[in-house]
Structures are given as C-alpha cells and as structure tokens.
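To start, the structure under review is shown below, and the notes come after it.
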Amino acid sequence: MTSTLSPPPSPSSDSASSDSPHRPSAGAGRRRTVTAAMCVCVLVAQSLVAAMNLAIPRIASSGLHPSAAQLLWIVDTYVLVFAGLLIPAGALGDRYGRKGVLLTGLGVFATGALLSALAGSLPVLLAGRAVSGAGAALLVPATMSVLLHATPPDRRAGAVAAWSTALGTGGMVGNAGGALILQYLPWQGLFWAYVPLGLGLLAWVAAVAPRVPRQTAALDLPGSVLLALGAGALLFGIIEGPGRGWGSATVTGAFALALVVFAVFVRHGLRAAHPVLDPRLFRLPRLRAGALGIAVTFFGMFALFYVNAQFLQYVKGYSPLQTGFAIVPLAVGMMAVTRYGMRWAHRAGEARAVGAGLGLIAAGLLLMSTADAGTPYPLYLVFLLVMSVGAGLAMPTLSHAIVASVPAHRSGMGSGLQGAARELGAALGIAVVGTVLSVRFAAGTGHGAAVTTAFTEATALGYRIAAGVVLVAGVAAVAGLRTRARSGHARRLTSSPLEGAGSAV
C-alpha cells in the first residue's frame, strides 16, 4: 500500500483546517490517536486469517466432524469474501461516508465472530466466517481514507507506513494471540475473543475518527458480483475436486463457470462507464507483473501458514502456544527485510529484486518439504527465515510496480487491485495446498507413527507443488517487470471513462 491511495480532502470541507501542518499539540495528539485506531482496525481484521489456521486441528476433532474440504472452506470463506468485496467496499465508502462504512464494517465483523462462536453446525460457522469477511472488506479501505483525511500532507508517508506495518504484522499477532487463546480455550474461544475486540474498536473509532467528506462514486454492482462469483467458482473446483472427483460434472462445471464468468467480467469492464476494476489497466506490463507477483507471494506464504500450524501440532507434537510462537520469527524477519527491499531494488533493478525474492520463497517451500518429526527447530527456523527474506524483498517492489504504473487519478483502483490480488492469492494458496493434503491425508484421522508419516509426506508434496507454482508464476512476473510500459498506454488510460471507480483501499 502506498501514500497515493486517496486524494487529499477538499480545502472547502469543514475539516480542511485539519490538514494544516501547523496545528497545535492537541491536534497532533488527536492525529496520533486516529492513526493508532486505524492501525489496530486493520491489524485485527488481518490477524483473523492467521489465527484461524491454528484452530484447524481443534475444529477437525470437534463435534462438527468437518471433512478435509470443509476445513478448507472454514478458512477460505473469510478470505474469499474479504477479497471479493474489497474493491466495491471502497466505492461504498466514497458514496455513503467513510466513517459510517468503517463503523458498519466493525459491527458486521463482530457479528460474524459472534455467529461463529455460537455455531453448532458447519453451515452456521461458514455463515459466520462469511459475515466477518464482509465486515473486514468494509473496514479495511475505510481506515486508509480516514487516516489520510486526519493526517497533514507532510506526515502522510509516515502514517501510511504505520498502516502498512499494521497490515503486515496482523499475521504475527494472529498467530501469537490465537496461540494464547487456543492453549487454554476450545476453538470457539478464538471467535469469542474477537467479539469484544470488534465492539471495543467500534466505540473507539466512533469517538476519535473524523468524518470524511463524501465523494462522487459509482457502484459497479454487476462487476462486483461477477468478480466474487468467478473467484468462488474457481475455489469451489479446487477444493471440491478430490471429494467429488476431478472429472465430475460438478467440478468441471465449476471450472467452466469460472472461465465464463471471468470472461463476462472482462467484457463488462470494457463497456461499463465506472467498472469496479478496469481490464484496460492490464495493458500495462509492470502492473500485470506486480499483480501476479503479489498474488503468487501470498499464495506461497499462505500455503505455508495453512500447513505449518497443522504440521507443528500433528507431527512435532507442539501445543497451540508453541505453534503460534514458533512462526513469529518469520514475520519479524519479513518486516526487517522489507525496510531495505526497495533500496536494493533501486540498486539492482526491480526484476532482480523480485526474482530473488520469489526464488527464495520457492526455495524456502522446498526446504520446508524436507522437514519431518526429527527436524530440530533451529533448522526449521532457518527454512522459515529463507521465506521471510524472500517475501521482504519481493513485496515492496511489487507494490510499487502496481502503484507507479497507474495514472494518478486511478491510484485508488490500483491499490484496490493490490489488495484483491493479495487476498485472492492467499485464498488460492490455502485451497491448493489444502487440496493436496485432502488427497494424500485425511486430517484428524487417528494417531501414531503411521499417521504422522502420512501427514509428513502429504505436507511435503503440498510444499513442492506450491514451490512449483511460485517458480512458474514468478518467471512470468519477472519477465513483465523487464518490459517497460509504452507511454501511449498510460495516456489512453488517463482519458478512459473510469472516474469514480475503485476508491482508495
């Protein structure tokens, strides 16, 4: 995410004076409070993705008796709804007010957590996860807009950096916080914890956040529905393939539906006056490469996150607390390297930085595939750190490639594309590696050395397939970064009738 995500508020707005860099100390204190509130909101929304992975072994052995495919849906439903609604949620905020949409998102998020905590059946749990995902989609783009409105221009870079750091550390906090909860409480306790968190944030934001002047925004409801439907059909085919049969009418129909829907989505985007995502943006090679690179980075990382928590508990015999904290160094290493990723890219070139980063992610996945019950944790940690260095090198350069490729008046759509690519990549990573596990091993079916060996072998295969996907897609992303977009493309985009679509995310 970058500081070019939203235009500054109009000087004529009631709160325009808040943008002055010469405000009194009381104004500075309020600005810091708003920044803290917005950062905590995105951190909590992102943390639920990682925390959920720790609960999989508990849910697998619970009275819900989920199948391997149903376990994937429990994790991916939140991410899929989050990704599918992220871009249109920004337009909702522009039209109806960012603060109101943010408060609504927090309320919906907490409601989904409550529904999940009370779930006595699998459909209710899935519904709760979907509701929470919708809440996350509403609140995340609104936090950025509120933050930029409350921050003077000379301090916006620092505010956006803090917001981005909170988004990036959400996974680490989710692992650590979820580990503490699941060490002492059943899986429902994880969702119970998010209910007061969501309601507490709602009260805090209501008290401190300023109202952001509304902007003219067109809601592309058909495009939003097509985007979510296409992604859902694709995930359905991947997740349900092992259980229903890859050649079954249901699964092949799902893949066919995904192709048709995405084709209709592109056609709609080319004809609509205000599309949720303009397909013409993908004429820009560096933008295509950036979006693909972001998606494949999160594909690899979330393939790891989904398998890692189960591997450490099933194979290594770790408690939830040990499991949660065993992966924390990965996030710390990622944040440390991210600070220097762009500097190295400036010296070595974008393609080299991204190529090295994605190569290290693939290498880390291959190294992880060699781990078994006898692998000592220090060596396991080295494997994790290889992946964290790769992600730290690749992500800032890929994000910059997307935003720098988009004309200034399309910066909101560019950042929305970045967020959607991130979440869809995560959802696909979970789906693919989880599908491999479901083919080779039924989670939670017994104990003993034979089961441990079977799970280890299934995990190794999943990591190798994920590494192959990262390598193949990574080559395409690096090739795109070596191609310089023609200036004519940018000029045509600046004149395209896309005003108001895809607000800041």
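Going by the structure tokens order, chains are called A, B, ..., each with residues numbered from 1, while ligands are numbered from 1 in the order shown.
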
*Excluding same-chain residues fewer than 3 positions from A:Gly359, what lies within 10 Å of it counting only C-alpha atoms, as a list in words?*
Ala353, Val354, Gly355, Ala356, Ala362, Ala363, Gly364, Leu365, Val386, Met387, Gly390, Ala391, Ala394, Ala467, Val470, Leu471, Gly474 and Val475 of chain A

With C-alpha atoms retained, export the selected residues as a PDB file, in the first residue's frame.
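Resulting contents of selection.pdb:
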ATOM      1  CA  ALA A 353      14.859  -7.938  -6.578  1.00  0.00           C
ATOM      2  CA  VAL A 354      11.549  -9.638  -7.307  1.00  0.00           C
ATOM      3  CA  GLY A 355      13.257 -12.625  -8.937  1.00  0.00           C
ATOM      4  CA  ALA A 356      15.466 -13.092  -5.894  1.00  0.00           C
ATOM      5  CA  ALA A 362      10.166 -21.188  -3.608  1.00  0.00           C
ATOM      6  CA  ALA A 363      13.468 -22.351  -2.071  1.00  0.00           C
ATOM      7  CA  GLY A 364      12.011 -21.974   1.412  1.00  0.00           C
ATOM      8  CA  LEU A 365       8.982 -24.081   0.465  1.00  0.00           C
ATOM      9  CA  VAL A 386      14.572 -18.008   3.941  1.00  0.00           C
ATOM     10  CA  MET A 387      10.918 -17.459   3.069  1.00  0.00           C
ATOM     11  CA  GLY A 390      12.131 -13.592   0.041  1.00  0.00           C
ATOM     12  CA  ALA A 391       8.793 -12.006   0.929  1.00  0.00           C
ATOM     13  CA  ALA A 394       9.567  -9.005  -3.248  1.00  0.00           C
ATOM     14  CA  ALA A 467       7.009 -24.075  -4.826  1.00  0.00           C
ATOM     15  CA  VAL A 470       5.656 -19.829  -7.259  1.00  0.00           C
ATOM     16  CA  LEU A 471       8.541 -20.537  -9.644  1.00  0.00           C
ATOM     17  CA  GLY A 474       7.474 -15.863 -10.693  1.00  0.00           C
ATOM     18  CA  VAL A 475       9.172 -16.212 -14.070  1.00  0.00           C
TER      19      VAL A 475
END

_Residues within 6 Å of stretch 159-168 of chain A, please, as JSON, numbers by chain. Count only C-alpha atoms; anything in the same chain fewer than 2 positions from it doesn't count._
{"A": [3, 39, 42, 43, 156, 157, 170]}

*Nearest to A:Ser132, chosen from A:Thr77, A:Gln183, A:Gln310, A:Thr151, with only C-alpha atoms counted in the distances*: A:Thr77

Can I get the residues of stretch 212-293 of chain A within 10 Å of stretch 417-428 of chain A, each with the closest pair of atoms and their distance in Å to one decimal, using only C-alpha atoms, sorted chain first then ascending number, as a Markdown table?
| residue | atom | partner | partner_atom | distance |
| --- | --- | --- | --- | --- |
| A:Ala231 | CA | A:Leu424 | CA | 7.8 |
| A:Leu234 | CA | A:Leu428 | CA | 8.9 |
| A:Leu235 | CA | A:Leu428 | CA | 6.9 |
| A:Ile238 | CA | A:Leu428 | CA | 8.5 |
| A:Ile239 | CA | A:Leu428 | CA | 9.5 |
| A:Val276 | CA | A:Leu417 | CA | 9.7 |
| A:Leu277 | CA | A:Leu417 | CA | 7.4 |
| A:Asp278 | CA | A:Leu417 | CA | 9.7 |
| A:Leu281 | CA | A:Leu417 | CA | 9.9 |
| A:Leu287 | CA | A:Leu417 | CA | 9.6 |
| A:Gly290 | CA | A:Gln418 | CA | 8.2 |
| A:Ala291 | CA | A:Ala421 | CA | 6.0 |
| A:Leu292 | CA | A:Ala421 | CA | 7.4 |
| A:Gly293 | CA | A:Ala421 | CA | 8.9 |

*asked:* So the first atom is atom CA of A:Ala331 and the second is atom CA of A:Gly171; what is the distance between them in Å, to one decimal place?
replied: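 Spanning atom CA of A:Ala331 to atom CA of A:Gly171 is a straight-line distance of 7.6 Å.
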
*Counting only C-alpha atoms, the residue of A:Asn308, A:Thr104, A:Ser67, A:Ser405 that sits nearest A:Ala203*: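 Among A:Asn308, A:Thr104, A:Ser67, A:Ser405, it is A:Thr104 that comes nearest to A:Ala203.
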
*Mind pulling up the distance from atom CA of A:Pro275 to atom CA of A:Asp220?*
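Atom CA of A:Pro275 lies 5.7 Å from atom CA of A:Asp220.
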
*Non-local contacts of A:Val315 (8 Å; only C-alpha atoms; under 5 positions in same chain excluded) as a list in words*: Gln310, Asp372, Ala373, Thr452, Phe455 and Thr456 of chain A

For N, CA and C atoms, I'd like the residues from the last selection saved as a PDB file, in the first residue's frame.
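This went into again_30.pdb:
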ATOM      1  N   GLN A 310      -0.687 -27.051  11.332  1.00  0.00           N
ATOM      2  CA  GLN A 310      -1.056 -28.458  11.478  1.00  0.00           C
ATOM      3  C   GLN A 310       0.175 -29.346  11.612  1.00  0.00           C
ATOM      4  N   ASP A 372      10.687 -33.094   8.948  1.00  0.00           N
ATOM      5  CA  ASP A 372       9.909 -34.205   9.495  1.00  0.00           C
ATOM      6  C   ASP A 372       9.949 -34.120  11.011  1.00  0.00           C
ATOM      7  N   ALA A 373       9.500 -35.170  11.683  1.00  0.00           N
ATOM      8  CA  ALA A 373       9.411 -35.145  13.141  1.00  0.00           C
ATOM      9  C   ALA A 373      10.772 -34.951  13.797  1.00  0.00           C
ATOM     10  N   THR A 452       1.484 -40.006  11.420  1.00  0.00           N
ATOM     11  CA  THR A 452       2.463 -38.925  11.375  1.00  0.00           C
ATOM     12  C   THR A 452       3.258 -38.965  10.077  1.00  0.00           C
ATOM     13  N   PHE A 455       1.038 -37.841   7.155  1.00  0.00           N
ATOM     14  CA  PHE A 455       0.833 -36.393   7.132  1.00  0.00           C
ATOM     15  C   PHE A 455       2.099 -35.677   6.681  1.00  0.00           C
ATOM     16  N   THR A 456       3.263 -36.137   7.132  1.00  0.00           N
ATOM     17  CA  THR A 456       4.532 -35.533   6.723  1.00  0.00           C
ATOM     18  C   THR A 456       4.721 -35.621   5.224  1.00  0.00           C
TER      19      THR A 456
END

Compile a residue-level contact table for stretch 45-141 of chain A against stretch 174-181 of chain A at a cut-off of 6 Å, reporting for every qualifying residue the shortest atom pair and its distance in Å to one decimal, with only C-alpha atoms counted, rows ordered by chain and ascending number, as a tab-separated table.
residue	atom	partner	partner_atom	distance
A:Ser47	CA	A:Gly174	CA	4.0
A:Leu48	CA	A:Gly174	CA	6.0
A:Ala50	CA	A:Gly174	CA	5.3
A:Ala51	CA	A:Gly174	CA	4.5

*asked:* Report, in Å with one decimal, the straight-line distance from atom CA of A:Gly232 to atom CA of A:Gln188.
replied: 25.9 Å

*Contacts of stretch 110-113 of chain A within 7 Å, only C-alpha atoms, excl. fewer than 6 positions in-chain, as a list in words*: Gly128, Arg129, Val131, Ser132, Phe191, Trp192, Tyr194, Val195, Gly198 and Leu199 of chain A

*Among the residues of stretch 109-323 of chain A, find those DSSP assigns to helix (DSSP H, G or I) from the backbone and print them as a PyMOL selection string.*
chain A and resi 109-117+122-150+153-184+187-208+221-244+249-271+279-283+285-314+320-323

*Exercise: A:Val34 partners within 9 Å, only C-alpha atoms, chain neighbours under 5 positions left out, as a list in words*: Gly29, Cys39, Val146, Leu147, Ala150, Thr151, Val205, Val208, Ala209 and Pro210 of chain A

Write out, as a CSV table (one decimal), in the first residue's frame, the residues just selected, with all heavy atoms.
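The file below, result_17.csv, is the result:
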chain,number,residue,atom,x,y,z
A,29,GLY,N,-1.9,15.3,19.0
A,29,GLY,CA,-2.3,14.1,19.8
A,29,GLY,C,-3.5,13.4,19.3
A,29,GLY,O,-3.5,12.2,19.3
A,39,CYS,N,-4.8,1.7,12.6
A,39,CYS,CA,-3.8,0.6,12.5
A,39,CYS,C,-4.3,-0.6,13.3
A,39,CYS,O,-4.2,-1.7,12.8
A,39,CYS,CB,-2.5,1.1,13.1
A,39,CYS,SG,-1.6,2.3,12.0
A,146,VAL,N,-9.9,7.4,6.1
A,146,VAL,CA,-10.0,8.2,7.4
A,146,VAL,C,-8.6,8.7,7.8
A,146,VAL,O,-8.4,9.8,8.2
A,146,VAL,CB,-10.7,7.4,8.5
A,146,VAL,CG1,-10.6,8.1,9.8
A,146,VAL,CG2,-12.1,7.2,8.1
A,147,LEU,N,-7.6,7.8,7.7
A,147,LEU,CA,-6.2,8.1,8.1
A,147,LEU,C,-5.7,9.2,7.3
A,147,LEU,O,-5.1,10.2,7.9
A,147,LEU,CB,-5.4,6.8,8.0
A,147,LEU,CG,-3.9,7.0,8.4
A,147,LEU,CD1,-3.8,7.3,9.9
A,147,LEU,CD2,-3.1,5.7,8.1
A,150,ALA,N,-7.2,12.6,8.2
A,150,ALA,CA,-6.8,13.1,9.5
A,150,ALA,C,-5.4,13.5,9.6
A,150,ALA,O,-4.9,14.1,10.6
A,150,ALA,CB,-7.1,12.1,10.6
A,151,THR,N,-4.6,13.2,8.6
A,151,THR,CA,-3.1,13.5,8.6
A,151,THR,C,-2.7,14.6,7.7
A,151,THR,O,-3.1,14.6,6.5
A,151,THR,CB,-2.4,12.2,8.2
A,151,THR,OG1,-2.9,11.1,9.1
A,151,THR,CG2,-0.9,12.3,8.4
A,205,VAL,N,-13.4,4.0,17.5
A,205,VAL,CA,-13.5,4.7,16.3
A,205,VAL,C,-14.6,5.8,16.3
A,205,VAL,O,-14.4,6.9,15.7
A,205,VAL,CB,-13.6,3.7,15.1
A,205,VAL,CG1,-13.9,4.5,13.8
A,205,VAL,CG2,-12.4,2.9,15.0
A,208,VAL,N,-13.2,8.9,18.1
A,208,VAL,CA,-12.0,9.6,17.7
A,208,VAL,C,-11.9,9.9,16.2
A,208,VAL,O,-11.2,10.9,15.8
A,208,VAL,CB,-10.7,8.9,18.2
A,208,VAL,CG1,-10.7,8.7,19.7
A,208,VAL,CG2,-10.5,7.6,17.4
A,209,ALA,N,-12.5,9.1,15.4
A,209,ALA,CA,-12.3,9.3,13.9
A,209,ALA,C,-13.1,10.5,13.4
A,209,ALA,O,-14.3,10.7,13.8
A,209,ALA,CB,-12.8,8.0,13.2
A,210,PRO,N,-12.5,11.3,12.5
A,210,PRO,CA,-13.3,12.4,11.9
A,210,PRO,C,-14.1,11.9,10.8
A,210,PRO,O,-13.9,10.8,10.3
A,210,PRO,CB,-12.1,13.3,11.4
A,210,PRO,CG,-11.0,12.3,11.0
A,210,PRO,CD,-11.1,11.2,12.1

*For A:Val260, which residue among A:Leu229, A:Ala345, A:Ala142, A:Ala289 is the nearest when counting only C-alpha atoms?*
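Closest residue, counting only C-alpha atoms: A:Leu229.
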
*Can you pull out every residue within 9 Å of A:Ala303, counting only C-alpha atoms, but drop anything in the same chain fewer than 3 positions away, and send it as a ChimeraX atom specification?*
/A:298-300,306-308,365,426-434,462-463,466

*Using only C-alpha atoms: which of A:Leu118, A:Ala127, A:Val328, A:Ile294 has the shortest distance to A:Val478*: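 Checking each of A:Leu118, A:Ala127, A:Val328, A:Ile294 against A:Val478, counting only C-alpha atoms, the winner is A:Ile294.
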